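Asker: Have a look at the structure that comes next, please.
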Amino acid sequence: MALLSGSTPLRPAALLHGGHAHMCMLRCFARADVGACVAHNHNRTMGLKCAAAAASPDPLPAPAQGVRPLDLSRRLARSRQLEGQQPDPLFQDPYASALAATGPQEQHEATSSGGLSLITAQDIIATKYMDETLMNALAATSVNRINKGDYRQVVLLGDGMDTRPWRLMWPEGTLIFSVAPGECHELAEAVLRQEGARVQRGCLLRRVNADLQAGTSFEAELLRAGFQGDKLSVWVLQGLHGLELGVPQLQSILVDVTNLAAFNSLVLGELPGVSKQQADSLLAEFGLLGAVLPMDLPETSYSRWPAAEAGGADAGSSSVGSGEAGSRQG
């Protein structure tokens, strides 16, 4: 899948947008001149809310009441389980069924025609896109002249039941951080231990508790877990859209990411509850310059977009492009 255009080999960026669900996917590299000041400049942070509100007549949603991160993680596991049952699956997750079975079975995953529902298709497309982009990044070497070396720090942000530490093939020496609510970590650890899951030899997983719905910073906890902000890192954001975060919570997450990510670190994943214009405004405010790539096209959907929904996404929310991204200098 060709996501990028233009001639910015070190710092390209792209977004994948889900149409009806207003879910954006992003891929961007860190720049040195923007993100470091965000956490310390109150006017700049407050300006994000104004810029986002002015960009679109549709405001960002208020935080949802009663949305449990644990339920969201179960739903994502159920989507991965369903993909594994397809005749030609995009990926296999041997632990998805056990994780999904920890809660009541939901009925939203299939349409009346027997195909995947829209939300399940979006989860599958997002998972495949992130798997592919992450593995391509980890295969790269000598990214730039400033931070020599490979991506060997990976931050999985949002889903405590993310099984990438066990189902992907990691380069030796990769340090993986899972940042998610504590209740998700506890249940996932218990289930995966029972399933006999083992992180690949030569790699290490560290879990970091974070209340993402409260907008609480996880920067100190991640640093205590051993994250090194002066080294390259890859950030994978998945599951945030299901939490229906408001502006302050989303700001807090982006502040931590941009403050911790060293120059030329990679950020990819989903932006929740925003239109294309709002996503552009959010990314620009934090120095993450990108565009939107629609999920429902043949070349971007991995043949998983529901046939009944094809062409139904808001045309104003879907486009293709490239750009640069920004964070602090390591």
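Chain labels A, B, ... are given in the sequence in which chains occur in the structure tokens; within each chain residues are numbered consecutively from 1, and ligands are likewise numbered from 1 in the order shown.
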Would you list the contacts of Gln92 in chain A as an MDAnalysis selection string, taking every protein, DNA or RNA residue within 10 Å and counting only C-alpha atoms, but skipping same-chain residues closer than 2 positions in sequence?

Answerer: chainID A and resid 80:86 89:90 94:96 167:168

Asker: For His185 in chain A, work out the shell of residues within 10 Å, counting only C-alpha atoms and skipping chain neighbours fewer than 4 positions away, then give it as a list in words.

Answerer: Leu70, Asp159, Gly160, Met161, Asp162, Ser178, Val179, Ala180, Pro181, Glu189, Ala190, Arg207, Val208 and Asn209 of chain A

Asker: Could you save those same residues with C-alpha atoms as a compact mmCIF listing (two decimals), in the first residue's frame?

Answerer:
```txt
# COMPACT_ATOMS: atom_id res chain seq x y z
CA LEU A 70 -11.62 -3.00 29.25
CA ASP A 159 -5.05 -1.05 24.26
CA GLY A 160 -3.93 -3.10 27.26
CA MET A 161 -4.88 -6.30 25.39
CA ASP A 162 -2.66 -5.48 22.40
CA SER A 178 2.42 -1.02 26.76
CA VAL A 179 0.67 2.11 28.07
CA ALA A 180 -2.95 1.48 29.07
CA PRO A 181 -5.32 1.46 32.06
CA GLU A 189 -1.49 -10.59 31.91
CA ALA A 190 -3.59 -13.26 33.64
CA ARG A 207 3.59 -2.35 31.20
CA VAL A 208 2.79 1.22 32.22
CA ASN A 209 -0.51 2.14 33.86
```

Asker: How many Å lie between CA of Gln251 in chain A and CA of Gln213 in chain A, rounded to one decimal?

Answerer: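 Spanning CA of Gln251 in chain A to CA of Gln213 in chain A is a straight-line distance of 11.3 Å.
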
Asker: Please identify all polymer residues within 7 Å of Arg74 in chain A, counting only C-alpha atoms, omitting same-chain residues fewer than 6 positions from it, and present them as a PDB file with all heavy atoms, in the first residue's frame.

Answerer:
```
ATOM      1  N   LEU A  99      -8.798 -13.652  24.993  1.00  0.00           N
ATOM      2  CA  LEU A  99      -8.989 -12.311  25.530  1.00  0.00           C
ATOM      3  C   LEU A  99     -10.427 -11.836  25.339  1.00  0.00           C
ATOM      4  O   LEU A  99     -11.026 -11.249  26.253  1.00  0.00           O
ATOM      5  CB  LEU A  99      -8.015 -11.344  24.857  1.00  0.00           C
ATOM      6  CG  LEU A  99      -6.538 -11.546  25.199  1.00  0.00           C
ATOM      7  CD1 LEU A  99      -5.654 -10.744  24.251  1.00  0.00           C
ATOM      8  CD2 LEU A  99      -6.254 -11.151  26.650  1.00  0.00           C
ATOM      9  N   ALA A 100     -10.991 -12.099  24.162  1.00  0.00           N
ATOM     10  CA  ALA A 100     -12.367 -11.687  23.897  1.00  0.00           C
ATOM     11  C   ALA A 100     -13.355 -12.410  24.790  1.00  0.00           C
ATOM     12  O   ALA A 100     -14.408 -11.869  25.164  1.00  0.00           O
ATOM     13  CB  ALA A 100     -12.701 -11.927  22.432  1.00  0.00           C
ATOM     14  N   GLY A 103     -15.214 -11.339  28.456  1.00  0.00           N
ATOM     15  CA  GLY A 103     -16.400 -10.516  28.630  1.00  0.00           C
ATOM     16  C   GLY A 103     -17.558 -11.070  27.826  1.00  0.00           C
ATOM     17  O   GLY A 103     -17.417 -12.061  27.103  1.00  0.00           O
TER      18      GLY A 103
END
```
